[in-house]
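J.: Okay, handing you the structure first.
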Amino acid sequence: MDHEMLLTAYGLGIIDEEELIICTASSAEERNLPRTTVDLDNMTLKQCRENFRFEMDDLERLCTVLRIPDTVTLGNGIKCSGMEILCVVLRRLAYPSRLCDIEELHGKEETALSRRFNYGIQYMHDQFGHLLDTLDHPWMDNNKLRECAQVIQEKGAPYDKCIGFIDGTLCAVAGTA
């Protein structure tokens, strides 16, 4: 993209400072993408669990099993690491979390985080959305469902037929005055 156009886009707020820097790099080698802007190497196990709901070793495994590429090109041409995409998605889905809440952790503005989050969610849907079309899967047989319910009950659930959770968000649906 023409340097003058980039400066105009930056001046109009269409792209942020990070995107301007990345777009003006003359080659992919100059970009030298980090795994993620989050400093995972200096994050404690507790911080990792609190931020992403997974342990550090699990993050690498998730990138692999979810088939997230090492390098991702977003719709606006910005390149970032697959690990960064995963970390933004996991942090955004952890409760409580709004984009403005995770700006400091990721060192990015809401717009840049939104692009990464939307890419990650769309990518996972494109890869695995077909699994939501039906619950008729080999791993969803009665024996497995009973096993899930038993494990959940052993963890303290009062109901013996619970097999999973929609998400971890507690939402009141009715209140009393």
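Identifiers in this document derive from the order of the structure tokens: chains are assigned A, B, ..., residues are numbered from 1 separately in each chain, and ligands are numbered from 1 in order of occurrence.
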Would you mind listing what lies within 10 Å of Glu103 of chain A as a list in words, with only C-alpha atoms counted and same-chain residues fewer than 5 positions away left out?

T.: Val88, Arg98, Lys108, Glu109, Glu110, Thr111, Ala112 and Leu113 of chain A

J.: For segment 55-63 of chain A, find every residue with an atom within 12 Å (counting only C-alpha atoms), except residues of its own chain fewer than 5 positions away, and show them as a count of residues only.

T.: 33

J.: Mind giving me the straight-line distance from atom CA of Asp16 of chain A to atom CA of Gln127 of chain A in Å, one decimal?

T.: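 According to the coordinates, atom CA of Asp16 of chain A and atom CA of Gln127 of chain A are separated by 29.5 Å.
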
J.: Between A:Val72, A:Leu66, A:Leu20, A:Leu132, single out the one closest to Met5 of chain A, counting only C-alpha atoms.

T.: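 So, comparing all the options, the nearest one is A:Leu20.
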
J.: Hey, which of A:Ile15, A:Ala157, A:Val65, A:Leu7 ends up closest to Gly77 of chain A? Count only C-alpha atoms.

T.: A:Ile15

J.: Using only C-alpha atoms, which of A:Asp133, A:Asp101, A:Glu154, A:Glu19 sits nearest Arg115 of chain A?

T.: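 Going through A:Asp133, A:Asp101, A:Glu154, A:Glu19 one by one, the smallest distance to Arg115 of chain A is for A:Glu19.
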
J.: DSSP on the backbone, alpha helix (DSSP H) only: what residues of segment 83-153 of chain A does that give? Format it as an MDAnalysis selection string.

T.: chainID A and resid 83:93 103:106 110:128 142:153

J.: Write the residues of the selection above to a file with C-alpha atoms, as a PDB file, in the first residue's frame.

T.:
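Output saved as part-v1.pdb:
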ATOM      1  CA  MET A  83      -1.095 -17.874  19.206  1.00  0.00           C
ATOM      2  CA  GLU A  84      -2.075 -14.215  19.471  1.00  0.00           C
ATOM      3  CA  ILE A  85      -5.431 -14.977  17.833  1.00  0.00           C
ATOM      4  CA  LEU A  86      -6.030 -17.823  20.285  1.00  0.00           C
ATOM      5  CA  CYS A  87      -5.052 -15.711  23.305  1.00  0.00           C
ATOM      6  CA  VAL A  88      -7.375 -12.861  22.272  1.00  0.00           C
ATOM      7  CA  VAL A  89     -10.279 -15.278  21.726  1.00  0.00           C
ATOM      8  CA  LEU A  90      -9.734 -17.113  25.008  1.00  0.00           C
ATOM      9  CA  ARG A  91      -9.294 -13.907  27.007  1.00  0.00           C
ATOM     10  CA  ARG A  92     -12.359 -12.329  25.403  1.00  0.00           C
ATOM     11  CA  LEU A  93     -14.474 -15.384  26.197  1.00  0.00           C
ATOM     12  CA  GLU A 103      -6.331  -3.747  25.870  1.00  0.00           C
ATOM     13  CA  GLU A 104      -3.539  -3.518  28.440  1.00  0.00           C
ATOM     14  CA  LEU A 105      -2.872  -7.266  28.537  1.00  0.00           C
ATOM     15  CA  HIS A 106      -2.552  -7.498  24.745  1.00  0.00           C
ATOM     16  CA  GLU A 110     -10.183  -2.281  20.855  1.00  0.00           C
ATOM     17  CA  THR A 111     -10.351  -2.154  17.055  1.00  0.00           C
ATOM     18  CA  ALA A 112      -7.250  -4.325  16.603  1.00  0.00           C
ATOM     19  CA  LEU A 113      -8.484  -6.761  19.271  1.00  0.00           C
ATOM     20  CA  SER A 114     -11.906  -6.915  17.654  1.00  0.00           C
ATOM     21  CA  ARG A 115     -10.347  -7.859  14.299  1.00  0.00           C
ATOM     22  CA  ARG A 116      -8.336 -10.634  15.930  1.00  0.00           C
ATOM     23  CA  PHE A 117     -11.287 -11.922  17.947  1.00  0.00           C
ATOM     24  CA  ASN A 118     -13.653 -11.915  14.971  1.00  0.00           C
ATOM     25  CA  TYR A 119     -11.074 -13.687  12.810  1.00  0.00           C
ATOM     26  CA  GLY A 120     -10.519 -16.360  15.476  1.00  0.00           C
ATOM     27  CA  ILE A 121     -14.210 -17.035  16.026  1.00  0.00           C
ATOM     28  CA  GLN A 122     -14.940 -17.140  12.283  1.00  0.00           C
ATOM     29  CA  TYR A 123     -11.946 -19.404  11.665  1.00  0.00           C
ATOM     30  CA  MET A 124     -13.040 -21.875  14.356  1.00  0.00           C
ATOM     31  CA  HIS A 125     -16.605 -21.817  13.053  1.00  0.00           C
ATOM     32  CA  ASP A 126     -15.410 -22.471   9.507  1.00  0.00           C
ATOM     33  CA  GLN A 127     -13.247 -25.381  10.721  1.00  0.00           C
ATOM     34  CA  PHE A 128     -15.603 -26.970  13.239  1.00  0.00           C
ATOM     35  CA  ASN A 142     -25.443 -42.772  26.394  1.00  0.00           C
ATOM     36  CA  ASN A 143     -22.440 -44.275  28.188  1.00  0.00           C
ATOM     37  CA  LYS A 144     -20.292 -41.184  27.576  1.00  0.00           C
ATOM     38  CA  LEU A 145     -23.120 -38.875  28.627  1.00  0.00           C
ATOM     39  CA  ARG A 146     -23.619 -40.842  31.862  1.00  0.00           C
ATOM     40  CA  GLU A 147     -19.862 -40.653  32.487  1.00  0.00           C
ATOM     41  CA  CYS A 148     -19.896 -36.857  31.983  1.00  0.00           C
ATOM     42  CA  ALA A 149     -22.858 -36.478  34.340  1.00  0.00           C
ATOM     43  CA  GLN A 150     -21.127 -38.603  36.979  1.00  0.00           C
ATOM     44  CA  VAL A 151     -17.888 -36.611  36.803  1.00  0.00           C
ATOM     45  CA  ILE A 152     -19.791 -33.321  37.061  1.00  0.00           C
ATOM     46  CA  GLN A 153     -21.791 -34.589  40.030  1.00  0.00           C
TER      47      GLN A 153
END

J.: One decimal, in Å: what's the spacing between atom CA of Ile102 of chain A and atom CA of Asn51 of chain A?

T.: 9.3 Å

J.: Mind listing the strand (DSSP E) residues of segment 36-168 of chain A, per DSSP on the backbone, as a PyMOL selection string?

T.: chain A and resi 71-73+79-81

J.: When you draw a straight line from atom CA of Asn76 of chain A to atom CA of Ile14 of chain A, how long is it in Å?

T.: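 One can read the atom CA of Asn76 of chain A to atom CA of Ile14 of chain A distance as 10.3 Å.
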